[in-house]
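Colleague: For reference, this is run_26.csv, and it has CSV, C-alpha atoms.
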```
chain,number,residue,atom,x,y,z
A,8,MET,CA,8.7,47.2,-94.2
A,9,LYS,CA,6.2,44.9,-92.5
A,10,LYS,CA,8.7,42.0,-92.6
A,11,PHE,CA,11.3,44.2,-90.9
A,12,VAL,CA,9.0,45.3,-88.1
A,13,TYR,CA,7.7,41.8,-87.6
A,14,THR,CA,11.2,40.3,-87.6
A,15,THR,CA,12.5,43.0,-85.2
A,16,LEU,CA,9.5,42.4,-82.8
A,17,LEU,CA,10.0,38.6,-83.0
A,18,LEU,CA,13.8,38.9,-82.2
A,19,PHE,CA,13.0,41.3,-79.3
A,20,LEU,CA,10.4,38.9,-77.8
A,21,VAL,CA,12.9,35.9,-78.1
A,22,ALA,CA,15.6,38.0,-76.4
A,23,VAL,CA,13.3,39.0,-73.6
A,24,SER,CA,12.0,35.5,-73.0
A,25,ALA,CA,15.6,34.1,-73.1
A,26,VAL,CA,16.6,36.6,-70.3
A,27,GLN,CA,13.4,35.9,-68.4
A,28,ALA,CA,14.2,32.1,-68.4
A,29,GLN,CA,17.3,32.9,-66.2
A,30,VAL,CA,15.1,33.2,-63.1
A,31,SER,CA,11.9,31.2,-62.4
A,32,PHE,CA,9.6,30.9,-59.4
A,33,ASN,CA,7.1,28.4,-58.1
A,34,VAL,CA,4.3,29.1,-55.7
A,35,SER,CA,3.0,26.8,-52.9
A,36,TYR,CA,0.6,27.1,-50.0
A,37,LYS,CA,1.2,25.7,-46.6
A,38,ARG,CA,-1.7,25.5,-44.0
A,39,VAL,CA,0.0,26.3,-40.7
A,40,ASN,CA,-3.2,26.0,-38.6
A,41,ALA,CA,-6.9,26.6,-38.8
A,42,THR,CA,-6.5,30.4,-39.2
A,43,THR,CA,-3.1,30.7,-40.9
A,44,VAL,CA,-1.7,30.0,-44.4
A,45,ASP,CA,1.8,30.6,-45.7
A,46,ILE,CA,2.2,31.5,-49.3
A,47,VAL,CA,5.7,30.3,-50.3
A,48,PHE,CA,7.6,31.6,-53.4
A,49,THR,CA,10.6,29.4,-54.3
A,50,GLY,CA,12.9,30.8,-56.9
A,51,LYS,CA,15.7,29.3,-59.0
A,52,ALA,CA,18.4,31.5,-60.7
A,53,ASP,CA,20.9,30.4,-63.3
A,54,ALA,CA,24.6,30.8,-62.5
A,55,GLY,CA,25.7,34.4,-62.3
A,56,TRP,CA,22.2,35.8,-61.6
A,57,HIS,CA,21.1,37.4,-58.3
A,58,ILE,CA,17.6,37.6,-57.0
A,59,TYR,CA,17.4,40.7,-54.7
A,60,SER,CA,16.2,40.5,-51.1
A,61,THR,CA,13.5,42.5,-49.3
A,62,GLN,CA,16.1,44.8,-47.8
A,63,ILE,CA,17.3,47.1,-50.6
A,64,GLY,CA,17.9,50.8,-50.1
A,65,GLU,CA,16.3,53.5,-52.3
A,66,GLY,CA,18.1,53.9,-55.6
A,67,GLY,CA,19.1,50.3,-55.8
A,68,PRO,CA,17.7,47.3,-57.7
A,69,THR,CA,14.0,46.2,-57.3
A,70,PRO,CA,13.6,44.6,-53.8
A,71,ALA,CA,11.3,41.6,-53.3
A,72,SER,CA,7.9,42.7,-52.1
A,73,PHE,CA,4.4,41.3,-51.7
A,74,GLY,CA,1.4,43.1,-53.3
A,75,ILE,CA,-2.3,42.6,-53.2
A,76,ASP,CA,-4.9,42.9,-55.9
A,77,LEU,CA,-7.8,41.5,-53.9
A,78,ILE,CA,-8.3,40.4,-50.3
A,79,LYS,CA,-11.5,39.3,-48.6
A,80,GLY,CA,-12.0,37.4,-45.4
A,81,ALA,CA,-8.2,37.4,-44.7
A,82,LYS,CA,-5.4,39.8,-43.7
A,83,LEU,CA,-1.7,39.8,-44.1
A,84,LYS,CA,0.2,38.7,-41.0
A,85,GLY,CA,3.5,40.6,-41.0
A,86,LYS,CA,5.7,41.4,-43.9
A,87,LEU,CA,7.2,39.3,-46.6
A,88,LYS,CA,9.9,37.2,-45.1
A,89,GLU,CA,13.0,36.0,-46.9
A,90,GLY,CA,14.5,32.5,-46.4
A,91,PRO,CA,18.1,31.6,-45.6
A,92,GLY,CA,21.1,32.2,-47.8
A,93,VAL,CA,21.0,36.0,-48.2
A,94,LYS,CA,24.4,37.6,-49.1
A,95,THR,CA,25.4,41.2,-49.0
A,96,MET,CA,28.0,43.0,-51.2
A,97,GLN,CA,29.0,46.4,-52.4
A,98,ASP,CA,27.5,46.6,-55.9
A,99,PRO,CA,29.6,48.5,-58.3
A,100,ILE,CA,26.7,49.3,-60.7
A,101,PHE,CA,24.3,50.6,-58.0
A,102,GLU,CA,27.2,52.0,-55.9
A,103,MET,CA,25.7,50.8,-52.7
A,104,PRO,CA,25.5,47.6,-50.6
A,105,VAL,CA,22.8,45.2,-51.8
A,106,SER,CA,21.4,42.0,-50.4
A,107,TYR,CA,20.7,39.1,-52.8
A,108,PHE,CA,20.4,35.4,-53.3
A,109,GLU,CA,22.4,33.2,-55.6
A,110,ASN,CA,21.0,29.9,-57.1
A,111,SER,CA,17.8,29.9,-55.1
A,112,ALA,CA,15.6,32.1,-53.0
A,113,THR,CA,12.6,31.6,-50.8
A,114,PHE,CA,10.1,34.3,-49.7
A,115,THR,CA,7.1,33.6,-47.5
A,116,GLN,CA,4.0,35.7,-46.9
A,117,ARG,CA,1.8,34.7,-43.9
A,118,VAL,CA,-1.9,35.2,-44.2
A,119,GLU,CA,-4.4,35.1,-41.4
A,120,LEU,CA,-7.9,33.9,-42.3
A,121,THR,CA,-10.6,36.0,-40.6
A,122,GLU,CA,-13.8,34.6,-42.2
A,123,LYS,CA,-15.3,31.3,-43.3
A,124,ASP,CA,-15.1,32.4,-47.0
A,125,TYR,CA,-11.8,34.0,-48.0
A,126,GLU,CA,-10.1,35.1,-51.2
A,127,LEU,CA,-6.7,36.6,-51.9
A,128,LYS,CA,-5.1,37.5,-55.2
A,129,GLY,CA,-1.6,38.8,-54.8
A,130,TYR,CA,1.9,38.7,-56.3
A,131,LEU,CA,5.6,38.6,-55.5
A,132,LYS,CA,7.4,41.4,-57.2
A,133,PHE,CA,11.2,40.9,-57.5
A,134,GLY,CA,14.3,42.1,-59.3
A,135,ALA,CA,17.2,40.1,-60.7
A,136,CYS,CA,20.4,41.0,-62.3
A,137,ASN,CA,23.7,39.4,-63.5
A,138,ASP,CA,26.9,41.3,-64.1
A,139,GLU,CA,25.6,42.6,-67.5
A,140,ASN,CA,21.8,42.7,-67.5
A,141,CYS,CA,18.8,43.2,-65.2
A,142,LEU,CA,15.4,41.9,-65.7
A,143,PRO,CA,12.6,44.4,-65.6
A,144,PRO,CA,10.7,44.2,-62.3
A,145,THR,CA,8.9,40.9,-62.5
A,146,SER,CA,5.7,39.6,-60.7
A,147,ILE,CA,4.7,36.1,-59.8
A,148,ASP,CA,0.9,35.8,-59.2
A,149,CYS,CA,-0.7,33.8,-56.4
A,150,LYS,CA,-4.3,33.0,-55.5
A,151,LEU,CA,-5.7,31.7,-52.3
A,152,LYS,CA,-9.4,30.9,-52.0
A,153,GLY,CA,-11.6,28.7,-49.8
A,154,SER,CA,-14.6,28.2,-47.5
A,155,ASP,CA,-12.8,26.6,-44.6
A,156,GLY,CA,-11.8,29.6,-42.7
A,157,PRO,CA,-12.2,30.0,-38.9
A,158,ALA,CA,-15.6,31.7,-39.0
A,159,ALA,CA,-17.1,28.3,-40.1
A,160,ALA,CA,-16.4,26.8,-36.7
A,161,VAL,CA,-17.5,30.0,-34.8
A,162,LYS,CA,-20.8,30.2,-36.8
A,163,GLU,CA,-21.5,26.5,-36.0
A,164,LYS,CA,-21.1,27.2,-32.3
A,165,GLU,CA,-23.3,30.3,-32.5
A,166,ALA,CA,-26.0,28.2,-34.1
A,167,GLU,CA,-26.2,25.7,-31.2
A,168,PRO,CA,-28.9,26.7,-28.7
A,169,GLN,CA,-27.5,28.0,-25.5
A,170,GLN,CA,-29.2,27.0,-22.2
A,171,GLU,CA,-29.4,29.7,-19.6
A,172,ALA,CA,-28.1,28.8,-16.2
A,173,ALA,CA,-30.7,29.0,-13.5
A,174,PRO,CA,-29.8,31.4,-10.7
A,175,ALA,CA,-28.6,29.7,-7.6
A,176,VAL,CA,-31.2,29.6,-4.8
A,177,ALA,CA,-30.5,28.6,-1.3
A,178,ALA,CA,-32.8,26.0,0.1
A,179,VAL,CA,-34.9,27.4,3.0
A,180,ASP,CA,-37.0,25.2,5.3
A,181,SER,CA,-40.2,27.1,6.0
A,182,THR,CA,-41.6,24.6,8.5
A,183,ALA,CA,-38.7,25.1,11.0
A,184,ALA,CA,-39.5,27.0,14.1
A,185,PRO,CA,-37.8,30.3,14.6
```
Show me this structure written as structure tokens.

Modeller:
Amino acid sequence: MKKFVYTTLLLFLVAVSAVQAQVSFNVSYKRVNATTVDIVFTGKADAGWHIYSTQIGEGGPTPASFGIDLIKGAKLKGKLKEGPGVKTMQDPIFEMPVSYFENSATFTQRVELTEKDYELKGYLKFGACNDENCLPPTSIDCKLKGSDGPAAAVKEKEAEPQQEAAPAVAAVDSTAAP
């Protein structure tokens, strides 16, 4: 009985990992300026697979979304943005219009750094299907951490001694006759 359970579990894991290999994502980070970082998720899908966009109605497949596990010294700037190449079709399985990407997809989440020290742990959650199967909702983790946020420059300026400007005084000649 143990061999049967073990073999069944092993076959299930192999089948799940084979389906999961149909879609893969990479994460990169782009410093836009001193206070802004873009987290860029770039996905590749095998032929026949669709990665769903951020714009999916209720009752449809899993839309792409950005979630946060931890955020300190930073805040999200806008919503998750999808890159070019989105297509829309009436899906016979979900019986609704769906927006998706074929072959590749790019999603970008902009982050504004608010303090010198910052940390963000988040994830891209997405759905993908082909004509026969759908992946379970899948997450791709990201991590952004540093000590080079904008408050570093502000704190340095605050530490510099400030000289108070002397009030302007008009020169008066006290020896002049009235």

Colleague: Determine the nearest neighbour of Met103 of chain A from the options A:Ile147, A:Val34, A:Ala52, A:Ile63, counting all atoms listed in the file.

Modeller: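 Of the candidates, the smallest distance to Met103 of chain A is held by A:Ile63.
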
Colleague: Leaving out Glu139 of chain A and any residue of its chain fewer than 3 positions from it, which residues lie within 12 Å of it when counting all atoms listed in the file, given as a PyMOL selection string?

Modeller: chain A and resi 26+55-57+99-100+135-136+142

Colleague: With a distance cut-off of 12 Å and only C-alpha atoms, select the neighbouring residues of Thr95 of chain A, excluding the residue or stretch itself and same-chain residues fewer than 3 positions from it, and output the selection as a ChimeraX atom specification.

Modeller: /A:57-63,92,98,103-109

Colleague: Can I get the selected residues back with C-alpha atoms, as a CSV table (one decimal), in the coordinates of the input?

Modeller:
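Output contents, as saved in out-v8.csv:
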```
chain,number,residue,atom,x,y,z
A,57,HIS,CA,21.1,37.4,-58.3
A,58,ILE,CA,17.6,37.6,-57.0
A,59,TYR,CA,17.4,40.7,-54.7
A,60,SER,CA,16.2,40.5,-51.1
A,61,THR,CA,13.5,42.5,-49.3
A,62,GLN,CA,16.1,44.8,-47.8
A,63,ILE,CA,17.3,47.1,-50.6
A,92,GLY,CA,21.1,32.2,-47.8
A,98,ASP,CA,27.5,46.6,-55.9
A,103,MET,CA,25.7,50.8,-52.7
A,104,PRO,CA,25.5,47.6,-50.6
A,105,VAL,CA,22.8,45.2,-51.8
A,106,SER,CA,21.4,42.0,-50.4
A,107,TYR,CA,20.7,39.1,-52.8
A,108,PHE,CA,20.4,35.4,-53.3
A,109,GLU,CA,22.4,33.2,-55.6
```

Colleague: Just the residues within 8 Å of Gly90 of chain A, please, counting all atoms listed in the file, with nothing from its chain fewer than 6 positions along; format it as a PyMOL selection string.

Modeller: chain A and resi 112-115

Colleague: Which is closest to Pro91 of chain A among A:Pro70, A:Ser31, A:Ser111, A:Gly129, if we use all atoms listed in the file?

Modeller: A:Ser111

Colleague: Suppose you want the space between atom CA of Ile78 of chain A and atom CA of Asn40 of chain A; what is it in Å?

Modeller: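 Computed distance, atom CA of Ile78 of chain A to atom CA of Asn40 of chain A, equals 19.2 Å.
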
Colleague: Between atom CA of Ala54 of chain A and atom CA of Asn33 of chain A, what distance in Å does the model show, to one decimal?

Modeller: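 Going from atom CA of Ala54 of chain A over to atom CA of Asn33 of chain A covers 18.2 Å.
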
Colleague: For Pro144 of chain A, please output as a list in words all residues within 10 Å (counting only C-alpha atoms; exclusion window: fewer than 3 positions along the same chain).

Modeller: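 Counting only C-alpha atoms, the residues come to Pro68, Thr69, Pro70, Ala71, Lys132, Phe133, Gly134, Ala135 and Cys141 of chain A.
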
Colleague: Which is closest to Arg117 of chain A among A:Glu65, A:Glu89, A:Asp76, A:Asp53, if we use all atoms listed in the file?

Modeller: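 Nearest candidate to Arg117 of chain A out of A:Glu65, A:Glu89, A:Asp76, A:Asp53: A:Glu89.
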
Colleague: Measuring between all atoms listed in the file, which one of A:Ser72, A:Gln116, A:Thr49, A:Asn110 shows the shortest distance to Asn137 of chain A?

Modeller: A:Asn110

Colleague: A:Leu151, A:Leu127, A:Val93, A:Leu120: which is nearest Ser35 of chain A, counting all atoms listed in the file?

Modeller: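 Comparing A:Leu151, A:Leu127, A:Val93, A:Leu120 against Ser35 of chain A, the winner is A:Leu151.
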
Colleague: Do you have the atom CA of Ala81 of chain A-atom CA of Arg38 of chain A distance handy?

Modeller: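 Atom CA of Arg38 of chain A lies 13.6 Å from atom CA of Ala81 of chain A.
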
Colleague: Nearest to Lys123 of chain A among A:Met96, A:Val39, A:Asn140, A:Gly156, with distances taken over only C-alpha atoms: which residue is it?

Modeller: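 Closest to Lys123 of chain A of all the choices is A:Gly156.
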
Colleague: Using all atoms listed in the file, which protein or nucleic acid residues come within 7 Å of Gly80 of chain A? Drop anything in the same chain fewer than 5 positions from it, and give the result as an MDAnalysis selection string.

Modeller: chainID A and resid 120:122 124:126

Colleague: Taking the structure in the block just given, could you write segment 76-92 of chain A with all heavy atoms, as a short mmCIF file (atom, residue, chain, number, x, y, z; two decimals), in the first residue's frame?

Modeller:
```
data_model
loop_
_atom_site.label_atom_id
_atom_site.label_comp_id
_atom_site.auth_asym_id
_atom_site.auth_seq_id
_atom_site.Cartn_x
_atom_site.Cartn_y
_atom_site.Cartn_z
N ASP A 76 3.42 41.27 1.18
CA ASP A 76 3.56 40.57 2.45
C ASP A 76 4.15 41.51 3.51
O ASP A 76 3.84 41.40 4.68
CB ASP A 76 4.47 39.35 2.30
CG ASP A 76 3.84 38.27 1.44
OD1 ASP A 76 2.60 38.08 1.51
OD2 ASP A 76 4.58 37.61 0.68
N LEU A 77 5.04 42.43 3.08
CA LEU A 77 5.71 43.36 3.99
C LEU A 77 6.09 44.61 3.21
O LEU A 77 6.59 44.51 2.09
CB LEU A 77 6.98 42.71 4.56
CG LEU A 77 7.94 43.61 5.34
CD1 LEU A 77 7.36 43.93 6.71
CD2 LEU A 77 9.29 42.94 5.49
N ILE A 78 5.86 45.77 3.82
CA ILE A 78 6.32 47.02 3.20
C ILE A 78 6.67 48.01 4.30
O ILE A 78 5.88 48.25 5.20
CB ILE A 78 5.28 47.59 2.20
CG1 ILE A 78 5.89 48.75 1.40
CG2 ILE A 78 4.01 47.99 2.89
CD1 ILE A 78 5.11 49.12 0.16
N LYS A 79 7.91 48.52 4.25
CA LYS A 79 8.42 49.52 5.20
C LYS A 79 9.25 50.53 4.43
O LYS A 79 10.07 50.16 3.61
CB LYS A 79 9.33 48.87 6.25
CG LYS A 79 8.69 47.89 7.17
CD LYS A 79 9.73 47.32 8.12
CE LYS A 79 9.17 46.24 8.99
NZ LYS A 79 10.21 45.60 9.81
N GLY A 80 9.03 51.81 4.70
CA GLY A 80 9.82 52.86 4.06
C GLY A 80 9.55 53.02 2.58
O GLY A 80 10.37 53.57 1.86
N ALA A 81 8.42 52.51 2.13
CA ALA A 81 8.05 52.61 0.71
C ALA A 81 6.54 52.50 0.60
O ALA A 81 5.87 52.12 1.55
CB ALA A 81 8.71 51.49 -0.08
N LYS A 82 6.03 52.87 -0.57
CA LYS A 82 4.60 52.70 -0.83
C LYS A 82 4.41 52.43 -2.31
O LYS A 82 5.25 52.81 -3.14
CB LYS A 82 3.80 53.92 -0.38
CG LYS A 82 4.10 55.19 -1.14
CD LYS A 82 3.29 56.35 -0.60
CE LYS A 82 3.58 57.63 -1.38
NZ LYS A 82 2.79 58.75 -0.90
N LEU A 83 3.32 51.72 -2.64
CA LEU A 83 3.02 51.45 -4.03
C LEU A 83 2.60 52.74 -4.71
O LEU A 83 1.91 53.57 -4.12
CB LEU A 83 1.91 50.41 -4.16
CG LEU A 83 2.20 49.04 -3.56
CD1 LEU A 83 1.04 48.09 -3.86
CD2 LEU A 83 3.51 48.48 -4.07
N LYS A 84 3.02 52.90 -5.93
CA LYS A 84 2.67 54.09 -6.72
C LYS A 84 1.83 53.60 -7.90
O LYS A 84 2.36 53.16 -8.91
CB LYS A 84 3.95 54.78 -7.18
CG LYS A 84 3.74 56.16 -7.71
CD LYS A 84 5.08 56.85 -7.91
CE LYS A 84 4.88 58.28 -8.34
NZ LYS A 84 6.14 58.97 -8.54
N GLY A 85 0.53 53.64 -7.73
CA GLY A 85 -0.37 53.14 -8.77
C GLY A 85 -0.58 51.65 -8.68
O GLY A 85 -0.09 50.97 -7.78
N LYS A 86 -1.32 51.14 -9.66
CA LYS A 86 -1.65 49.72 -9.72
C LYS A 86 -0.65 49.00 -10.61
O LYS A 86 0.13 49.61 -11.33
CB LYS A 86 -3.05 49.54 -10.29
CG LYS A 86 -4.14 50.09 -9.41
CD LYS A 86 -5.50 49.86 -10.05
CE LYS A 86 -6.60 50.41 -9.16
NZ LYS A 86 -7.93 50.16 -9.75
N LEU A 87 -0.73 47.68 -10.59
CA LEU A 87 0.08 46.84 -11.47
C LEU A 87 -0.28 47.18 -12.92
O LEU A 87 -1.46 47.20 -13.29
CB LEU A 87 -0.21 45.36 -11.19
CG LEU A 87 0.59 44.35 -12.00
CD1 LEU A 87 2.07 44.40 -11.61
CD2 LEU A 87 0.03 42.95 -11.78
N LYS A 88 0.74 47.46 -13.73
CA LYS A 88 0.52 47.82 -15.13
C LYS A 88 0.98 46.68 -16.02
O LYS A 88 2.04 46.09 -15.79
CB LYS A 88 1.28 49.09 -15.49
CG LYS A 88 0.74 50.31 -14.78
CD LYS A 88 1.46 51.56 -15.21
CE LYS A 88 0.90 52.76 -14.45
NZ LYS A 88 1.60 53.97 -14.74
N GLU A 89 0.19 46.42 -17.04
CA GLU A 89 0.55 45.38 -17.99
C GLU A 89 1.25 46.00 -19.19
O GLU A 89 0.98 47.14 -19.56
CB GLU A 89 -0.68 44.59 -18.42
CG GLU A 89 -1.81 45.41 -18.93
CD GLU A 89 -3.10 44.63 -19.06
OE1 GLU A 89 -3.34 43.70 -18.28
OE2 GLU A 89 -3.86 44.96 -19.97
N GLY A 90 2.14 45.23 -19.77
CA GLY A 90 2.87 45.70 -20.94
C GLY A 90 2.08 45.51 -22.22
O GLY A 90 0.90 45.14 -22.20
N PRO A 91 2.72 45.73 -23.36
CA PRO A 91 2.03 45.64 -24.65
C PRO A 91 1.73 44.19 -25.03
O PRO A 91 2.33 43.26 -24.51
CB PRO A 91 3.04 46.26 -25.62
CG PRO A 91 4.36 46.03 -24.98
CD PRO A 91 4.12 46.11 -23.49
N GLY A 92 0.80 44.05 -25.97
CA GLY A 92 0.52 42.74 -26.54
C GLY A 92 -0.72 42.05 -26.01
O GLY A 92 -0.97 40.90 -26.33
#
```
